[in-house]
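> Hey, dropping my_file-v1.cif in here, mmCIF, C-alpha atoms and all ligand atoms:
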data_structure
#
loop_
_atom_site.label_atom_id
_atom_site.label_comp_id
_atom_site.auth_asym_id
_atom_site.auth_seq_id
_atom_site.Cartn_x
_atom_site.Cartn_y
_atom_site.Cartn_z
CA MET Y 1 45.82 118.62 161.13
CA GLU Y 2 46.68 115.44 163.02
CA CYS Y 3 47.20 112.05 161.44
CA GLU Y 4 44.88 109.21 162.36
CA GLY Y 5 45.85 105.65 161.59
CA ASN Y 6 47.14 102.39 162.95
CA MET Y 7 50.20 102.06 160.77
CA SER Y 8 53.66 103.31 161.54
CA ARG Y 9 54.15 107.02 161.19
CA ILE Y 10 57.16 108.21 159.23
CA LEU Y 11 58.65 111.69 159.36
CA ILE Y 12 59.90 112.74 155.93
CA THR Y 13 62.10 115.82 156.07
CA GLY Y 14 62.33 117.55 152.70
CA GLY Y 15 59.18 115.71 151.63
CA ALA Y 16 58.10 118.58 149.38
CA GLY Y 17 61.20 118.06 147.23
CA PHE Y 18 61.85 115.85 144.20
CA ILE Y 19 62.70 112.52 145.83
CA GLY Y 20 60.79 113.15 149.08
CA SER Y 21 57.50 113.74 147.24
CA HIS Y 22 57.72 110.47 145.33
CA THR Y 23 58.71 108.64 148.52
CA THR Y 24 55.70 110.16 150.30
CA LEU Y 25 53.37 108.70 147.67
CA THR Y 26 54.99 105.27 147.90
CA LEU Y 27 54.79 105.21 151.71
CA LEU Y 28 51.18 106.36 151.77
CA GLY Y 29 50.39 103.70 149.17
CA ALA Y 30 52.03 101.08 151.41
CA GLY Y 31 49.76 102.13 154.28
CA TYR Y 32 52.14 104.25 156.35
CA ASP Y 33 51.19 107.60 157.79
CA VAL Y 34 53.48 110.38 156.64
CA ILE Y 35 54.48 113.64 158.29
CA ILE Y 36 56.35 116.06 156.02
CA VAL Y 37 58.56 118.83 157.37
CA ASP Y 38 59.89 121.19 154.70
CA ASN Y 39 60.83 124.86 154.77
CA LEU Y 40 60.13 125.18 151.02
CA SER Y 41 63.61 126.61 150.41
CA ASN Y 42 63.68 124.49 147.23
CA SER Y 43 59.96 123.82 146.86
CA SER Y 44 56.69 125.73 147.10
CA HIS Y 45 53.11 125.67 148.36
CA LYS Y 46 52.04 124.82 144.81
CA ALA Y 47 54.25 121.73 144.93
CA VAL Y 48 52.78 120.70 148.28
CA ASP Y 49 49.27 121.13 146.87
CA ALA Y 50 50.13 119.05 143.79
CA ILE Y 51 51.64 116.26 145.93
CA GLY Y 52 48.58 116.37 148.20
CA ALA Y 53 46.11 116.14 145.30
CA LEU Y 54 48.01 113.25 143.74
CA ALA Y 55 48.32 111.44 147.08
CA LEU Y 56 44.59 111.63 147.61
CA ARG Y 57 43.86 110.46 144.08
CA GLU Y 58 46.39 107.61 144.07
CA THR Y 59 46.19 106.37 147.66
CA GLY Y 60 43.03 107.85 149.14
CA LYS Y 61 45.26 109.18 151.92
CA GLN Y 62 46.79 112.49 152.91
CA PHE Y 63 50.01 113.46 154.68
CA THR Y 64 50.43 116.02 157.42
CA PHE Y 65 52.52 118.99 156.33
CA TYR Y 66 54.52 121.31 158.57
CA GLU Y 67 56.30 124.26 156.99
CA GLY Y 68 59.47 124.89 158.93
CA ASP Y 69 63.21 124.46 159.25
CA VAL Y 70 64.55 121.08 160.35
CA ALA Y 71 67.52 122.92 161.89
CA ASP Y 72 65.11 124.77 164.22
CA GLY Y 73 65.11 122.56 167.32
CA ALA Y 74 62.15 124.22 169.06
CA PHE Y 75 59.98 123.88 165.97
CA LEU Y 76 61.03 120.28 165.37
CA ARG Y 77 60.22 119.39 168.98
CA THR Y 78 56.62 120.54 168.48
CA VAL Y 79 56.33 118.23 165.46
CA PHE Y 80 57.54 115.26 167.53
CA GLU Y 81 55.26 116.25 170.41
CA LYS Y 82 52.19 116.34 168.19
CA ASN Y 83 52.94 113.13 166.29
CA LYS Y 84 54.24 109.80 167.58
CA ILE Y 85 56.98 109.20 165.04
CA ASP Y 86 58.28 105.69 164.41
CA ALA Y 87 61.12 106.39 161.97
CA VAL Y 88 62.63 109.23 159.99
CA ILE Y 89 63.68 109.63 156.36
CA HIS Y 90 65.95 112.64 156.10
CA PHE Y 91 65.98 114.31 152.67
CA ALA Y 92 66.14 117.96 153.76
CA GLY Y 93 69.32 119.64 152.62
CA PHE Y 94 70.87 121.59 149.81
CA LYS Y 95 72.11 119.61 146.80
CA ALA Y 96 73.54 121.86 144.06
CA VAL Y 97 77.13 120.80 143.52
CA GLY Y 98 78.23 124.02 141.75
CA GLU Y 99 76.59 126.35 144.27
CA SER Y 100 78.28 124.44 147.10
CA VAL Y 101 81.67 125.34 145.62
CA ALA Y 102 80.71 129.04 145.55
CA LYS Y 103 78.90 129.03 148.91
CA PRO Y 104 80.31 126.21 151.05
CA ALA Y 105 79.15 127.75 154.35
CA LYS Y 106 75.53 127.65 153.19
CA TYR Y 107 75.92 123.91 152.53
CA TYR Y 108 77.88 122.96 155.65
CA VAL Y 109 75.48 124.89 157.89
CA ASN Y 110 72.21 123.64 156.44
CA ASN Y 111 73.18 120.06 155.72
CA LEU Y 112 74.95 119.45 159.03
CA LEU Y 113 72.60 121.42 161.28
CA THR Y 114 69.49 119.69 159.94
CA THR Y 115 71.03 116.29 160.66
CA LEU Y 116 72.35 117.24 164.12
CA THR Y 117 69.07 118.87 165.17
CA LEU Y 118 67.14 115.86 163.95
CA LEU Y 119 69.41 113.52 165.93
CA ASN Y 120 68.98 115.59 169.11
CA THR Y 121 65.22 115.58 168.74
CA MET Y 122 65.09 111.87 167.94
CA LYS Y 123 67.11 111.19 171.11
CA GLU Y 124 64.69 113.25 173.19
CA PHE Y 125 61.71 111.31 171.83
CA GLY Y 126 63.34 107.87 171.67
CA VAL Y 127 63.05 107.53 167.89
CA THR Y 128 65.79 105.23 166.58
CA GLY Y 129 65.17 104.45 162.88
CA PHE Y 130 66.94 106.78 160.44
CA VAL Y 131 67.10 106.53 156.65
CA PHE Y 132 69.61 108.97 155.24
CA SER Y 133 69.79 110.48 151.72
CA SER Y 134 73.38 109.91 150.81
CA SER Y 135 75.04 109.97 147.43
CA ALA Y 136 77.52 108.11 145.27
CA THR Y 137 79.62 111.23 145.64
CA VAL Y 138 80.84 109.89 149.03
CA TYR Y 139 83.10 107.57 147.05
CA SER Y 140 84.71 110.48 145.19
CA ASP Y 141 87.27 109.12 142.75
CA PRO Y 142 88.58 105.73 143.83
CA GLY Y 143 89.97 105.06 140.34
CA ILE Y 144 87.39 102.38 139.53
CA THR Y 145 84.15 102.57 137.56
CA GLN Y 146 81.75 100.34 139.49
CA TYR Y 147 81.57 100.91 143.24
CA ASP Y 148 80.56 98.53 145.96
CA GLU Y 149 79.96 99.60 149.54
CA SER Y 150 83.43 98.58 150.67
CA THR Y 151 84.91 101.24 148.38
CA THR Y 152 86.68 103.68 150.67
CA ARG Y 153 84.81 106.84 151.49
CA VAL Y 154 87.33 109.62 151.17
CA GLY Y 155 87.69 112.44 153.68
CA ARG Y 156 86.96 115.09 151.11
CA ALA Y 157 84.57 114.54 148.24
CA SER Y 158 84.75 116.36 144.90
CA SER Y 159 82.63 119.29 146.19
CA PRO Y 160 81.63 120.83 149.54
CA TYR Y 161 78.15 119.37 148.90
CA GLY Y 162 79.70 115.91 148.60
CA THR Y 163 81.82 116.47 151.68
CA THR Y 164 78.68 117.29 153.69
CA LYS Y 165 77.39 113.83 152.75
CA VAL Y 166 80.66 112.18 153.83
CA ILE Y 167 80.65 114.05 157.16
CA GLN Y 168 76.97 113.28 157.78
CA GLU Y 169 77.61 109.59 157.18
CA TRP Y 170 80.50 109.67 159.66
CA ILE Y 171 78.37 111.44 162.27
CA LEU Y 172 75.55 108.94 161.82
CA GLU Y 173 77.89 105.95 161.84
CA ASP Y 174 79.79 107.08 164.95
CA ILE Y 175 76.64 107.85 166.93
CA ALA Y 176 74.90 104.66 165.83
CA LYS Y 177 77.91 102.47 166.64
CA SER Y 178 78.36 104.10 170.07
CA GLY Y 179 74.93 102.81 171.09
CA ASP Y 180 74.23 106.22 172.64
CA LEU Y 181 70.94 106.94 170.89
CA LEU Y 182 70.16 103.28 170.09
CA LEU Y 183 70.20 104.62 166.56
CA LYS Y 184 69.84 102.35 163.52
CA VAL Y 185 70.86 103.99 160.28
CA ILE Y 186 70.43 102.97 156.66
CA SER Y 187 72.33 105.38 154.45
CA LEU Y 188 71.13 105.09 150.87
CA ARG Y 189 73.82 106.18 148.40
CA TYR Y 190 71.90 107.24 145.32
CA PHE Y 191 73.53 107.21 141.93
CA ASN Y 192 71.70 109.47 139.39
CA PRO Y 193 68.00 109.94 140.23
CA VAL Y 194 65.90 111.03 137.23
CA GLY Y 195 62.38 110.70 135.81
CA ALA Y 196 59.08 111.76 137.34
CA HIS Y 197 55.82 110.30 138.58
CA SER Y 198 54.01 108.44 135.77
CA SER Y 199 50.99 110.76 136.15
CA GLY Y 200 53.06 113.76 135.05
CA GLU Y 201 51.70 115.68 138.05
CA ILE Y 202 54.93 115.86 140.07
CA GLY Y 203 58.56 115.90 139.03
CA GLU Y 204 61.83 117.76 139.29
CA SER Y 205 61.41 121.53 139.25
CA PRO Y 206 64.88 123.08 139.30
CA GLN Y 207 65.20 126.79 139.97
CA GLY Y 208 67.20 128.63 137.30
CA ILE Y 209 69.46 126.84 134.85
CA PRO Y 210 69.44 123.09 135.55
CA ASN Y 211 72.79 121.62 136.65
CA ASN Y 212 71.84 118.07 135.81
CA LEU Y 213 71.58 116.39 132.45
CA THR Y 214 67.97 115.24 132.19
CA PRO Y 215 66.18 118.42 133.39
CA PHE Y 216 68.36 120.32 130.93
CA ILE Y 217 67.34 117.98 128.11
CA THR Y 218 63.62 118.32 128.87
CA GLN Y 219 63.93 122.13 129.01
CA VAL Y 220 65.54 122.02 125.55
CA ALA Y 221 62.78 119.71 124.34
CA VAL Y 222 60.05 122.05 125.61
CA GLY Y 223 61.73 125.05 123.95
CA LYS Y 224 62.98 126.85 127.06
CA ARG Y 225 66.62 126.39 126.00
CA ASP Y 226 68.13 126.24 122.52
CA PHE Y 227 70.43 123.25 122.83
CA LEU Y 228 72.13 120.93 125.27
CA SER Y 229 75.86 121.32 125.87
CA VAL Y 230 77.44 117.87 126.06
CA PHE Y 231 80.41 118.19 128.39
CA GLY Y 232 83.10 116.35 126.45
CA ASP Y 233 83.15 113.46 123.97
CA ASP Y 234 86.79 112.54 124.48
CA TYR Y 235 86.44 110.35 127.59
CA PRO Y 236 87.74 106.78 127.57
CA THR Y 237 84.25 105.32 127.03
CA PRO Y 238 82.82 103.60 123.92
CA ASP Y 239 81.23 106.79 122.50
CA GLY Y 240 83.51 109.26 124.31
CA THR Y 241 80.79 110.69 126.63
CA CYS Y 242 80.51 110.07 130.37
CA ILE Y 243 78.66 107.05 131.70
CA ARG Y 244 76.33 107.22 134.72
CA ASP Y 245 73.95 104.89 136.51
CA TYR Y 246 70.51 106.51 136.16
CA ILE Y 247 67.68 105.42 138.44
CA HIS Y 248 64.00 106.28 138.09
CA VAL Y 249 62.76 108.31 141.07
CA THR Y 250 59.84 105.88 141.51
CA ASP Y 251 62.27 102.98 141.92
CA LEU Y 252 64.29 105.13 144.32
CA ALA Y 253 61.14 105.82 146.35
CA GLU Y 254 60.59 102.06 146.59
CA ALA Y 255 64.11 101.67 148.01
CA HIS Y 256 63.17 104.09 150.82
CA TYR Y 257 60.03 102.13 151.57
CA LEU Y 258 62.07 98.91 151.79
CA ALA Y 259 64.66 100.61 154.02
CA VAL Y 260 62.01 101.90 156.45
CA LYS Y 261 60.34 98.51 156.49
CA ARG Y 262 63.66 96.88 157.32
CA LEU Y 263 64.27 99.34 160.17
CA LEU Y 264 60.81 98.78 161.62
CA GLU Y 265 60.47 95.05 161.11
CA THR Y 266 63.93 93.48 161.43
CA ASN Y 267 65.59 92.66 164.73
CA ASP Y 268 69.35 92.62 165.25
CA LEU Y 269 70.15 95.09 162.51
CA PRO Y 270 73.65 96.47 162.25
CA GLU Y 271 73.83 99.99 163.67
CA PHE Y 272 74.85 101.48 160.32
CA ASP Y 273 74.55 100.25 156.77
CA GLY Y 274 75.57 102.20 153.68
CA ILE Y 275 73.73 100.82 150.65
CA ASN Y 276 74.15 101.75 146.98
CA ILE Y 277 70.93 102.52 145.16
CA GLY Y 278 71.35 102.34 141.41
CA SER Y 279 70.47 100.01 138.56
CA GLY Y 280 73.97 98.64 138.14
CA LYS Y 281 73.88 99.59 134.46
CA GLY Y 282 75.52 102.64 132.92
CA TYR Y 283 74.36 104.86 130.06
CA SER Y 284 76.45 107.42 128.20
CA VAL Y 285 75.28 110.99 127.64
CA PHE Y 286 74.65 110.16 123.97
CA GLU Y 287 72.58 107.11 124.99
CA VAL Y 288 70.50 109.28 127.32
CA ILE Y 289 69.95 111.81 124.53
CA ALA Y 290 68.83 108.96 122.23
CA ALA Y 291 66.30 107.80 124.87
CA PHE Y 292 64.87 111.33 125.04
CA ASP Y 293 64.83 111.67 121.22
CA LYS Y 294 62.54 108.65 121.23
CA ALA Y 295 60.35 109.80 124.15
CA VAL Y 296 59.94 113.32 122.77
CA GLY Y 297 59.56 112.22 119.15
CA LYS Y 298 62.18 114.60 117.79
CA LYS Y 299 65.94 115.09 117.95
CA ILE Y 300 67.25 116.98 120.96
CA PRO Y 301 69.69 119.60 119.58
CA TYR Y 302 73.09 119.46 121.24
CA LYS Y 303 76.64 120.74 120.88
CA VAL Y 304 79.73 119.05 122.23
CA VAL Y 305 81.70 121.47 124.40
CA SER Y 306 84.71 121.01 126.64
CA ARG Y 307 84.70 118.77 129.70
CA ARG Y 308 83.11 119.99 132.95
CA ASP Y 309 85.51 120.20 135.90
CA GLY Y 310 85.20 117.32 138.31
CA ASP Y 311 83.32 114.91 136.01
CA LEU Y 312 84.48 111.30 136.08
CA ALA Y 313 84.38 109.21 132.89
CA GLU Y 314 82.24 106.48 134.39
CA PHE Y 315 80.58 105.50 137.61
CA THR Y 316 77.95 102.89 138.29
CA ALA Y 317 76.71 100.99 141.32
CA LYS Y 318 77.27 97.46 142.40
CA THR Y 319 73.79 96.55 143.58
CA GLU Y 320 74.16 93.20 145.34
CA LYS Y 321 73.94 94.68 148.85
CA ALA Y 322 70.65 96.46 148.08
CA GLN Y 323 69.30 93.25 146.66
CA LYS Y 324 70.45 91.15 149.61
CA LEU Y 325 69.46 93.44 152.48
CA LEU Y 326 66.44 95.26 151.05
CA GLY Y 327 65.28 92.90 148.30
CA PHE Y 328 65.62 95.92 146.01
CA THR Y 329 66.16 95.89 142.28
CA THR Y 330 65.18 98.56 139.79
CA LYS Y 331 62.17 97.89 137.57
CA LEU Y 332 62.04 100.93 135.31
CA THR Y 333 64.20 101.44 132.22
CA ILE Y 334 66.01 104.41 130.73
CA GLY Y 335 63.05 104.60 128.28
CA ASP Y 336 60.63 104.93 131.23
CA MET Y 337 62.83 107.63 132.77
CA ALA Y 338 62.82 109.64 129.54
CA LYS Y 339 59.09 109.12 128.93
CA ASP Y 340 58.06 110.16 132.46
CA ALA Y 341 60.47 113.12 132.66
CA TRP Y 342 59.13 114.36 129.33
CA ASN Y 343 55.49 113.78 130.33
CA TRP Y 344 56.04 115.95 133.45
CA GLN Y 345 57.96 118.68 131.60
CA SER Y 346 55.56 118.87 128.65
CA LYS Y 347 52.54 119.12 130.97
CA HIS Y 348 54.30 121.65 133.21
CA PRO Y 349 56.83 123.65 131.16
CA ASN Y 350 57.56 125.86 134.16
CA GLY Y 351 57.53 123.09 136.73
CA PHE Y 352 55.35 123.96 139.73
CA ASP Y 353 55.65 127.69 138.92
CA GLU Y 354 52.67 127.98 136.61
P1 LIG Y 401 65.14 118.77 146.64
O1 LIG Y 401 65.86 120.06 146.77
O2 LIG Y 401 64.10 118.64 145.59
O3 LIG Y 401 64.48 118.38 148.05
C1 LIG Y 401 65.03 118.77 149.29
C2 LIG Y 401 63.91 119.42 150.07
O4 LIG Y 401 64.44 119.80 151.36
C3 LIG Y 401 63.37 120.70 149.43
O5 LIG Y 401 61.97 120.61 149.31
C4 LIG Y 401 63.80 121.82 150.39
O6 LIG Y 401 62.83 122.85 150.45
C5 LIG Y 401 63.93 121.07 151.69
N1 LIG Y 401 64.87 121.66 152.66
C6 LIG Y 401 66.15 122.05 152.45
N2 LIG Y 401 66.68 122.52 153.60
C7 LIG Y 401 65.72 122.42 154.56
C8 LIG Y 401 65.66 122.73 155.93
N3 LIG Y 401 66.69 123.28 156.59
N4 LIG Y 401 64.51 122.48 156.61
C9 LIG Y 401 63.44 121.95 155.96
N5 LIG Y 401 63.44 121.64 154.66
C10 LIG Y 401 64.57 121.87 153.97
O7 LIG Y 401 66.25 117.64 146.48
P2 LIG Y 401 66.09 116.10 146.08
O8 LIG Y 401 66.64 115.92 144.72
O9 LIG Y 401 64.73 115.62 146.39
O10 LIG Y 401 67.14 115.48 147.08
C11 LIG Y 401 66.75 115.02 148.37
C12 LIG Y 401 67.99 114.54 149.11
O11 LIG Y 401 68.65 113.55 148.34
C13 LIG Y 401 69.01 115.64 149.39
O12 LIG Y 401 69.56 115.45 150.67
C14 LIG Y 401 70.05 115.40 148.33
O13 LIG Y 401 71.33 115.85 148.72
C15 LIG Y 401 70.03 113.89 148.21
N6 LIG Y 401 70.52 113.42 146.90
C16 LIG Y 401 69.93 113.89 145.76
C17 LIG Y 401 70.43 113.49 144.52
C18 LIG Y 401 69.83 114.01 143.25
O14 LIG Y 401 70.47 113.90 142.20
N7 LIG Y 401 68.62 114.57 143.26
C19 LIG Y 401 71.51 112.58 144.46
C20 LIG Y 401 72.07 112.11 145.64
C21 LIG Y 401 71.56 112.53 146.87
N1 LIG Y 402 76.07 116.65 131.40
C1 LIG Y 402 76.15 117.26 130.16
N2 LIG Y 402 75.50 118.44 129.98
C2 LIG Y 402 74.76 119.03 130.97
C3 LIG Y 402 74.68 118.40 132.23
C4 LIG Y 402 75.36 117.21 132.41
O1 LIG Y 402 76.80 116.76 129.26
O2 LIG Y 402 74.20 120.12 130.74
C5 LIG Y 402 76.75 115.37 131.59
C6 LIG Y 402 77.79 115.41 132.71
O3 LIG Y 402 79.02 115.80 132.20
C7 LIG Y 402 77.75 113.98 133.20
C8 LIG Y 402 76.31 113.51 132.95
O4 LIG Y 402 75.78 114.42 132.01
O5 LIG Y 402 78.58 113.20 132.39
C9 LIG Y 402 75.46 113.52 134.19
O6 LIG Y 402 75.59 114.79 134.82
P1 LIG Y 402 74.65 115.24 136.01
O7 LIG Y 402 75.05 116.64 136.38
O8 LIG Y 402 73.22 115.01 135.67
O9 LIG Y 402 75.00 114.21 137.16
P2 LIG Y 402 76.39 113.95 137.90
O10 LIG Y 402 76.69 112.51 137.66
O11 LIG Y 402 77.43 114.94 137.56
O12 LIG Y 402 75.94 114.30 139.38
C10 LIG Y 402 75.51 113.32 140.23
C11 LIG Y 402 74.48 113.86 141.24
C12 LIG Y 402 75.15 114.76 142.26
C13 LIG Y 402 76.40 114.13 142.81
C14 LIG Y 402 77.33 113.78 141.66
C15 LIG Y 402 78.63 113.17 142.09
O13 LIG Y 402 73.46 114.59 140.57
O14 LIG Y 402 74.23 114.94 143.35
O15 LIG Y 402 76.66 112.84 140.84
O16 LIG Y 402 78.40 111.92 142.64
F1 LIG Y 402 77.05 114.97 143.67
#
Please re-express this file's structure in structure tokens.
Ligand code: NAD
Ligand code: UFG

Amino acid sequence: MECEGNMSRILITGGAGFIGSHTTLTLLGAGYDVIIVDNLSNSSHKAVDAIGALALRETGKQFTFYEGDVADGAFLRTVFEKNKIDAVIHFAGFKAVGESVAKPAKYYVNNLLTTLTLLNTMKEFGVTGFVFSSSATVYSDPGITQYDESTTRVGRASSPYGTTKVIQEWILEDIAKSGDLLLKVISLRYFNPVGAHSSGEIGESPQGIPNNLTPFITQVAVGKRDFLSVFGDDYPTPDGTCIRDYIHVTDLAEAHYLAVKRLLETNDLPEFDGINIGSGKGYSVFEVIAAFDKAVGKKIPYKVVSRRDGDLAEFTAKTEKAQKLLGFTTKLTIGDMAKDAWNWQSKHPNGFDE
């Protein structure tokens, strides 16, 4: 299937995943053509079908889907040959912090090879615009609670997963600044993406026991798990639980649209920009639980247990750079995040696996 259309054509790697699927919908809605490449290592054909059905319903448009590995240069070349690509958003990669500690090679190989192969292919085809999925984890622990983009990126993050993000940013920054590929990079450093599409038709579908707070809460709410373990209530925060900067995945998708637009429409861009994407406001674990109590209409059972290794008491984003360069601010509240995550989970108790 080939895309027809007059608008710019964006390659979304990992577009069958949580953030990539929402970004696909936003880009299609904005009139772009979208090519997804995903090997379904953390997604499925059912997910692709659900994204496709929703895209058609919401935007009247469809994306082109290629199943394959972004680290496979020969395969990727055929995608670029068949489609004139104007810019790339690179989501494909592994993201489970705990698994990356147990299996660092898996993370270094996949996360670095996808990026390097993509860069090689982009060079061959003269594609220069690159939006990268980075993470607040690149800042590791600078001893402050609210980070701006000048906060030093450490050499080693708090997990091998995080370190792959640091290394990928360095690779992208060095290549972009060298002028070699004429590369322009916007590296979006997400804080805590949560929520789901307001339709309840797509959302986060973690395999096995969820690592992250909000998918765990919704699995408790739907009866798949008995209670939430709250990892520590003795932190130096007002209620003793950790504070994070949660961002609705639909707002996050909008940030990607604005980043692509900037790459395609602005002259004289810096070669590399790292930009925080968060709301700027922090919520404690207890405050998140309260938001879900309200959305679900009953109390989420929880037990306070000991702290989880590596957790910081508080981190939130300074958001002025995103506002200044992208015109981006978040619109959706913690209540929207809870409502939409619950809507998705209650309609699809087993995620895309039903
Ligand atoms: P996800 O796992 O839902 O999506 C990633 C997608 O990439 C999956 O569909 C997977 O099948 C695909 N993929 C993985 N390796 C591939 C490969 N070699 N070739 C082709 N496809 C491949 O994850 P997500 O939550 O949507 O995250 C997307 C990106 O954002 C990741 O790079 C992640 O590290 C980054 N990020 C996520 C979070 C978060 O909390 N979700 C926070 C910060 C950064
Ligand atoms: N939490 C619980 N119980 C759970 C899960 C989480 O109490 O079952 C707490 C954590 O201790 C933390 C908060 O909920 O205080 C949020 O935890 P998440 O695991 O949802 O998110 P993190 O802030 O730990 O992780 C995020 C991103 C990672 C990134 C990491 C470091 O999801 O991709 O920040 O920047 F690597």
> From the options Y:Arg262, Y:His256, Y:Arg57, Y:Lys321, which residue's atoms come nearest to Y:Ile19, counting only C-alpha atoms?
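Nearest to Y:Ile19: Y:His256.
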> Counting only C-alpha atoms, which residue out of Y:Leu40, Y:Ala96, Y:Val101, Y:Ile243 sits closest to Y:Pro210?
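Checking each of Y:Leu40, Y:Ala96, Y:Val101, Y:Ile243 against Y:Pro210, counting only C-alpha atoms, the winner is Y:Ala96.
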> Can you work out which one of Y:Ser205, Y:Thr59, Y:Ser135, Y:Ser198 has the shortest atom-to-atom distance to Y:Ala16, counting only C-alpha atoms?
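Selected residue with least distance to Y:Ala16: Y:Ser205.
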> Would you mind listing, for every residue of chain Y within 9 Å of ligand LIG 402 (chain Y), the two atoms forming the shortest contact and the distance between them in Å to one decimal, using only C-alpha atoms and all ligand atoms, sorted by chain and ascending residue number, as a Markdown table?

| residue | atom | partner | partner_atom | distance |
| --- | --- | --- | --- | --- |
| Y:Lys95 | CA | Y:LIG402 | O14 | 6.2 |
| Y:Ala96 | CA | Y:LIG402 | O14 | 7.0 |
| Y:Val97 | CA | Y:LIG402 | F1 | 5.8 |
| Y:Ser135 | CA | Y:LIG402 | O16 | 6.2 |
| Y:Ala136 | CA | Y:LIG402 | O16 | 4.7 |
| Y:Thr137 | CA | Y:LIG402 | O16 | 3.3 |
| Y:Val138 | CA | Y:LIG402 | O16 | 7.1 |
| Y:Tyr139 | CA | Y:LIG402 | O16 | 7.8 |
| Y:Ser140 | CA | Y:LIG402 | O16 | 7.0 |
| Y:Ala157 | CA | Y:LIG402 | C15 | 8.7 |
| Y:Ser158 | CA | Y:LIG402 | C15 | 7.5 |
| Y:Ser159 | CA | Y:LIG402 | F1 | 7.5 |
| Y:Tyr161 | CA | Y:LIG402 | F1 | 6.9 |
| Y:Gly162 | CA | Y:LIG402 | F1 | 5.7 |
| Y:Tyr190 | CA | Y:LIG402 | C11 | 8.2 |
| Y:Phe191 | CA | Y:LIG402 | O15 | 6.5 |
| Y:Asn192 | CA | Y:LIG402 | C10 | 5.5 |
| Y:Pro193 | CA | Y:LIG402 | O13 | 7.2 |
| Y:Val194 | CA | Y:LIG402 | O8 | 8.5 |
| Y:Pro210 | CA | Y:LIG402 | O2 | 7.4 |
| Y:Asn211 | CA | Y:LIG402 | O7 | 5.5 |
| Y:Asn212 | CA | Y:LIG402 | O8 | 3.4 |
| Y:Leu213 | CA | Y:LIG402 | C3 | 3.7 |
| Y:Thr214 | CA | Y:LIG402 | O8 | 6.3 |
| Y:Pro215 | CA | Y:LIG402 | O8 | 8.1 |
| Y:Phe216 | CA | Y:LIG402 | O2 | 5.8 |
| Y:Ile217 | CA | Y:LIG402 | O2 | 7.7 |
| Y:Leu228 | CA | Y:LIG402 | O2 | 5.9 |
| Y:Ser229 | CA | Y:LIG402 | N2 | 5.0 |
| Y:Val230 | CA | Y:LIG402 | O1 | 3.4 |
| Y:Phe231 | CA | Y:LIG402 | O1 | 4.0 |
| Y:Gly232 | CA | Y:LIG402 | O1 | 6.9 |
| Y:Asp233 | CA | Y:LIG402 | O1 | 8.9 |
| Y:Thr241 | CA | Y:LIG402 | O5 | 6.7 |
| Y:Cys242 | CA | Y:LIG402 | O5 | 4.2 |
| Y:Ile243 | CA | Y:LIG402 | O5 | 6.2 |
| Y:Arg244 | CA | Y:LIG402 | O10 | 6.1 |
| Y:Asp245 | CA | Y:LIG402 | O10 | 8.2 |
| Y:Tyr246 | CA | Y:LIG402 | O10 | 8.7 |
| Y:Ser284 | CA | Y:LIG402 | O5 | 7.4 |
| Y:Val285 | CA | Y:LIG402 | O4 | 5.6 |
| Y:Phe286 | CA | Y:LIG402 | O1 | 8.7 |
| Y:Val288 | CA | Y:LIG402 | O4 | 8.7 |
| Y:Val304 | CA | Y:LIG402 | O1 | 8.0 |
| Y:Val305 | CA | Y:LIG402 | O1 | 8.4 |
| Y:Arg307 | CA | Y:LIG402 | O3 | 6.9 |
| Y:Arg308 | CA | Y:LIG402 | O3 | 5.9 |
| Y:Asp309 | CA | Y:LIG402 | O3 | 8.7 |
| Y:Gly310 | CA | Y:LIG402 | O11 | 8.2 |
| Y:Asp311 | CA | Y:LIG402 | O3 | 5.8 |
| Y:Leu312 | CA | Y:LIG402 | O5 | 7.2 |
| Y:Ala313 | CA | Y:LIG402 | O5 | 7.1 |
| Y:Glu314 | CA | Y:LIG402 | O5 | 7.9 |
| Y:Phe315 | CA | Y:LIG402 | O10 | 8.0 |
> Could you check the closest approach to ligand LIG 401 (chain Y) for each of Y:Ser187, Y:Thr319, Y:Ser279, Y:Asn267 and tell me which residue wins, using only C-alpha atoms and all ligand atoms?
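Closest residue, counting only C-alpha atoms and all ligand atoms: Y:Ser187.
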> Enter the distance from atom CA of Y:Lys339 to atom CA of Y:Gly240, in Å, rounded to one decimal.
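Computing the Euclidean distance for atom CA of Y:Lys339 and atom CA of Y:Gly240 yields 24.9 Å.
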> Quick one: 4 Å padding each side, axis-aligned, all listed atoms of ligand LIG 401 (chain Y) - centre and edge lengths in Å to one decimal, as JSON?

{"center_x": 67.0, "center_y": 117.7, "center_z": 149.4, "size_x": 18.1, "size_y": 19.2, "size_z": 22.4}
> Tell me, as JSON, numbers by chain, which residues lie within 10 Å of Y:Asn111, counting all atoms listed in the file; anything in the same chain fewer than 2 positions away does not count.
{"Y": [70, 71, 91, 92, 93, 94, 95, 105, 106, 107, 108, 109, 113, 114, 115, 116, 161, 164, 165, 167, 168]}
> Calculated over all atoms listed in the file, which of the candidates Y:Pro238, Y:His197, Y:Tyr283, Y:Leu11 has the smallest distance to Y:Asp336?
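Closest residue, counting all atoms listed in the file: Y:His197.
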> Go ahead and compute the interatomic distance for atom C5 of ligand LIG 401 (chain Y) and atom CA of Y:Val48, in Å to one decimal.
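Distance between the two atoms: 11.7 Å.
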> For a quick check of understanding, using only C-alpha atoms, which of Y:Lys318, Y:His45, Y:Lys184, Y:His90 has the smallest distance to Y:Val127?
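For Y:Val127, the nearest of the candidates is Y:Lys184.
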> One decimal, in Å: what's the spacing between atom CA of Y:Asp268 and atom CA of Y:Glu81?
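Computing it gives 28.0 Å between the two atoms.
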